[in-house]
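Colleague: Contents of protein06.tsv (TSV, C-alpha atoms) are below:
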```tsv
chain	number	residue	atom	x	y	z
A	1	MET	CA	20.20	3.59	9.63
A	2	LYS	CA	19.01	3.72	13.24
A	3	PRO	CA	15.64	5.04	14.36
A	4	ILE	CA	16.00	8.55	15.78
A	5	ILE	CA	14.42	10.00	18.90
A	6	ILE	CA	14.75	13.72	19.60
A	7	LEU	CA	14.40	14.76	23.23
A	8	THR	CA	14.59	17.98	25.15
A	9	PRO	CA	17.03	18.16	28.06
A	10	ASP	CA	15.73	16.66	31.31
A	11	SER	CA	12.83	14.89	29.56
A	12	MET	CA	14.50	11.51	30.17
A	13	SER	CA	17.14	10.31	32.57
A	14	ALA	CA	20.70	9.69	31.36
A	15	GLU	CA	20.30	6.03	32.32
A	16	ASP	CA	17.19	5.69	30.11
A	17	ILE	CA	18.94	7.44	27.23
A	18	LYS	CA	21.89	5.05	27.55
A	19	MET	CA	19.48	2.09	27.50
A	20	LEU	CA	17.87	3.41	24.29
A	21	ARG	CA	21.28	3.89	22.68
A	22	ASP	CA	22.33	0.38	23.77
A	23	ASN	CA	19.22	-0.88	21.93
A	24	GLU	CA	20.35	0.64	18.63
A	25	LEU	CA	18.32	3.87	18.79
A	26	CYS	CA	19.85	7.21	17.94
A	27	VAL	CA	18.93	9.58	20.77
A	28	VAL	CA	19.42	13.29	20.12
A	29	VAL	CA	19.06	15.72	23.01
A	30	SER	CA	18.41	19.29	21.91
A	31	LYS	CA	17.21	22.46	23.60
A	32	ASN	CA	15.46	23.33	20.32
A	33	PRO	CA	14.26	20.09	18.66
A	34	ALA	CA	12.82	22.04	15.71
A	35	ALA	CA	16.34	23.17	14.82
A	36	VAL	CA	17.69	19.62	14.43
A	37	LYS	CA	18.77	18.95	10.83
A	38	PHE	CA	19.37	15.62	9.13
A	39	VAL	CA	21.92	14.79	6.44
A	40	ASP	CA	19.61	12.34	4.66
A	41	PRO	CA	15.98	13.09	4.00
A	42	ILE	CA	13.75	11.28	6.47
A	43	PRO	CA	11.75	9.31	5.61
A	44	ALA	CA	13.21	7.84	2.46
A	45	MET	CA	11.20	8.71	-0.64
A	46	SER	CA	10.54	5.02	-1.28
A	47	SER	CA	8.73	4.74	2.08
A	48	ARG	CA	6.95	8.07	1.84
A	49	THR	CA	3.62	6.65	0.69
A	50	GLN	CA	3.62	3.96	3.40
A	51	ILE	CA	4.31	6.57	6.07
A	52	GLU	CA	1.67	8.91	4.66
A	53	GLN	CA	-0.81	6.01	4.65
A	54	ALA	CA	0.13	5.18	8.24
A	55	ALA	CA	-0.57	8.80	9.24
A	56	ILE	CA	-3.96	8.65	7.51
A	57	ASN	CA	-4.79	5.34	9.22
A	58	LEU	CA	-3.73	6.78	12.57
A	59	SER	CA	-5.94	9.82	12.03
A	60	ARG	CA	-8.91	7.57	11.28
A	61	LYS	CA	-8.31	5.47	14.39
A	62	VAL	CA	-8.02	8.54	16.62
A	63	LEU	CA	-11.05	10.29	15.11
A	64	HIS	CA	-13.23	7.20	15.44
A	65	GLY	CA	-11.91	6.17	18.86
A	66	ARG	CA	-10.62	2.78	17.69
A	67	TRP	CA	-8.01	2.02	20.36
A	68	GLY	CA	-10.12	-0.30	22.50
A	69	HIS	CA	-7.78	-3.22	21.76
A	70	ILE	CA	-5.04	-1.33	23.65
A	71	THR	CA	-6.91	0.30	26.55
A	72	ALA	CA	-10.45	0.76	27.81
A	73	ASP	CA	-9.83	4.47	28.45
A	74	THR	CA	-12.02	6.81	26.44
A	75	THR	CA	-9.24	9.39	26.26
A	76	ILE	CA	-6.01	8.78	24.42
A	77	GLY	CA	-2.63	9.31	26.08
A	78	ILE	CA	0.83	9.49	24.57
A	79	ASN	CA	1.53	5.79	25.21
A	80	THR	CA	-1.64	4.67	23.45
A	81	PHE	CA	-1.09	7.18	20.64
A	82	SER	CA	2.49	5.96	20.12
A	83	ARG	CA	1.40	2.32	20.06
A	84	LEU	CA	-1.34	3.08	17.53
A	85	PHE	CA	1.16	4.88	15.31
A	86	VAL	CA	3.63	2.00	15.45
A	87	GLU	CA	0.81	-0.44	14.59
A	88	CYS	CA	-0.12	1.73	11.61
A	89	LEU	CA	3.51	1.93	10.48
A	90	ILE	CA	4.15	-1.83	10.55
A	91	GLU	CA	0.81	-2.82	9.04
A	92	GLY	CA	1.46	-4.52	5.71
A	93	THR	CA	5.26	-4.34	6.04
A	94	PRO	CA	7.73	-7.18	6.69
A	95	LEU	CA	7.33	-6.45	10.43
A	96	ASP	CA	3.58	-7.19	10.33
A	97	GLU	CA	2.77	-10.56	11.93
A	98	ARG	CA	0.51	-11.27	8.93
A	99	GLY	CA	3.34	-10.47	6.50
A	100	THR	CA	3.57	-7.83	3.79
A	101	ARG	CA	0.53	-6.79	1.76
A	102	GLN	CA	1.86	-8.89	-1.12
A	103	GLU	CA	2.25	-11.93	1.15
A	104	GLN	CA	-1.27	-11.40	2.52
A	105	GLU	CA	-2.65	-11.22	-1.03
A	106	GLU	CA	-0.73	-14.38	-1.98
A	107	GLN	CA	-2.12	-16.19	1.07
A	108	TYR	CA	-5.65	-15.08	0.15
A	109	PHE	CA	-5.17	-16.22	-3.45
A	110	ASP	CA	-3.64	-19.55	-2.35
A	111	GLN	CA	-6.54	-20.14	0.05
A	112	PHE	CA	-9.03	-19.34	-2.72
A	113	LYS	CA	-7.27	-21.83	-5.04
A	114	LEU	CA	-7.35	-24.53	-2.33
A	115	ASP	CA	-11.04	-23.94	-1.69
A	116	GLU	CA	-11.75	-24.17	-5.41
A	117	LEU	CA	-9.73	-27.42	-5.72
A	118	ARG	CA	-11.61	-28.92	-2.76
A	119	LYS	CA	-14.92	-27.97	-4.37
A	120	LEU	CA	-13.89	-29.58	-7.67
A	121	ALA	CA	-12.65	-32.71	-5.86
A	122	ARG	CA	-15.98	-33.04	-4.01
A	123	GLU	CA	-17.92	-32.65	-7.25
A	124	GLU	CA	-15.69	-35.21	-8.98
A	125	ALA	CA	-16.05	-37.71	-6.12
A	126	LYS	CA	-19.81	-37.20	-6.13
A	127	ALA	CA	-19.94	-37.84	-9.88
A	128	GLU	CA	-17.80	-41.00	-9.48
A	129	ARG	CA	-20.09	-42.30	-6.75
A	130	ALA	CA	-23.14	-41.57	-8.89
A	131	ALA	CA	-21.55	-43.37	-11.87
A	132	ALA	CA	-20.64	-46.39	-9.70
A	133	LYS	CA	-24.16	-46.47	-8.31
A	134	ALA	CA	-25.62	-46.30	-11.84
A	135	LYS	CA	-23.51	-49.33	-12.93
A	136	LYS	CA	-24.99	-51.50	-10.17
```
Could you write out this file's structure as structure tokens?
Modeller:
Amino acid sequence: MKPIIILTPDSMSAEDIKMLRDNELCVVVSKNPAAVKFVDPIPAMSSRTQIEQAAINLSRKVLHGRWGHITADTTIGINTFSRLFVECLIEGTPLDERGTRQEQEEQYFDQFKLDELRKLAREEAKAERAAAKAKK
């Protein structure tokens, strides 16, 4: 399924629309975007909670003015808003540079295990050195 963009006539040039379509986006041009109907429910029910969570995260970022990593402007424009929303959508999904939430939790757990093993190895080495020193 392709991502869908609904536009009003004359909001984007035909050349730009063609470029979007060439990049695997479904561009729908409608005089009344509210009247556009979909055959399948969007978003899929399995993704509903992730999308709802993304909307909540976006609301928090907008309300608290947390878009300084994108722009220094104190007002938010459509470009910044769109980028924030995309960031919220991909956070914790396979598209996230840090991996999915499960992968992040596994990395955290693995790091914790490694830290614990290092701690035990240091204690064991210290005990061996103390035992060797006591034998002398």
Colleague: With only C-alpha atoms as the basis for distance, which of A:Ile17, A:Ile4, A:Val62, A:Ile51 is at the shortest distance from A:Val36?
Modeller: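 Using only C-alpha atoms, A:Val36 sits closest to A:Ile4.
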Colleague: If you measure from atom CA of A:Glu87 to atom CA of A:Ser13, what distance in Å do you get, rounded to one decimal?
Modeller: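 Atom CA of A:Ser13 lies at a distance of 26.6 Å from atom CA of A:Glu87.
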Colleague: Work out how far apart atom CA of A:Ala121 and atom CA of A:Arg98 are and give it in Å to one decimal.
Modeller: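 Atom CA of A:Ala121 sits 29.2 Å away from atom CA of A:Arg98.
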Colleague: Out of A:Leu20, A:Ala132, A:Leu120, A:Leu84, which residue has the shortest atom-to-atom distance to A:Gly65 when counting only C-alpha atoms?
Modeller: A:Leu84
Colleague: Just to confirm, what's the straight-line distance from atom CA of A:Ile78 to atom CA of A:His64 in Å (one decimal)?
Modeller: 16.9 Å
Colleague: Using only C-alpha atoms, which protein or nucleic acid residues come within 12 Å of A:Phe81? Drop anything in the same chain fewer than 2 positions from it, and give the result as JSON, numbers by chain.
Modeller: {"A": [55, 58, 59, 61, 62, 63, 65, 66, 67, 68, 70, 71, 75, 76, 77, 78, 79, 83, 84, 85, 86, 87, 88]}
Colleague: Filtering to C-alpha atoms, could you give me those residues as a PDB file, in the coordinates of the input?
Modeller:
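Contents of selection.pdb, freshly written:
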```pdb
ATOM      1  CA  ALA A  55      -0.570   8.800   9.240  1.00  0.00           C
ATOM      2  CA  LEU A  58      -3.730   6.780  12.570  1.00  0.00           C
ATOM      3  CA  SER A  59      -5.940   9.820  12.030  1.00  0.00           C
ATOM      4  CA  LYS A  61      -8.310   5.470  14.390  1.00  0.00           C
ATOM      5  CA  VAL A  62      -8.020   8.540  16.620  1.00  0.00           C
ATOM      6  CA  LEU A  63     -11.050  10.290  15.110  1.00  0.00           C
ATOM      7  CA  GLY A  65     -11.910   6.170  18.860  1.00  0.00           C
ATOM      8  CA  ARG A  66     -10.620   2.780  17.690  1.00  0.00           C
ATOM      9  CA  TRP A  67      -8.010   2.020  20.360  1.00  0.00           C
ATOM     10  CA  GLY A  68     -10.120  -0.300  22.500  1.00  0.00           C
ATOM     11  CA  ILE A  70      -5.040  -1.330  23.650  1.00  0.00           C
ATOM     12  CA  THR A  71      -6.910   0.300  26.550  1.00  0.00           C
ATOM     13  CA  THR A  75      -9.240   9.390  26.260  1.00  0.00           C
ATOM     14  CA  ILE A  76      -6.010   8.780  24.420  1.00  0.00           C
ATOM     15  CA  GLY A  77      -2.630   9.310  26.080  1.00  0.00           C
ATOM     16  CA  ILE A  78       0.830   9.490  24.570  1.00  0.00           C
ATOM     17  CA  ASN A  79       1.530   5.790  25.210  1.00  0.00           C
ATOM     18  CA  ARG A  83       1.400   2.320  20.060  1.00  0.00           C
ATOM     19  CA  LEU A  84      -1.340   3.080  17.530  1.00  0.00           C
ATOM     20  CA  PHE A  85       1.160   4.880  15.310  1.00  0.00           C
ATOM     21  CA  VAL A  86       3.630   2.000  15.450  1.00  0.00           C
ATOM     22  CA  GLU A  87       0.810  -0.440  14.590  1.00  0.00           C
ATOM     23  CA  CYS A  88      -0.120   1.730  11.610  1.00  0.00           C
TER      24      CYS A  88
END
```
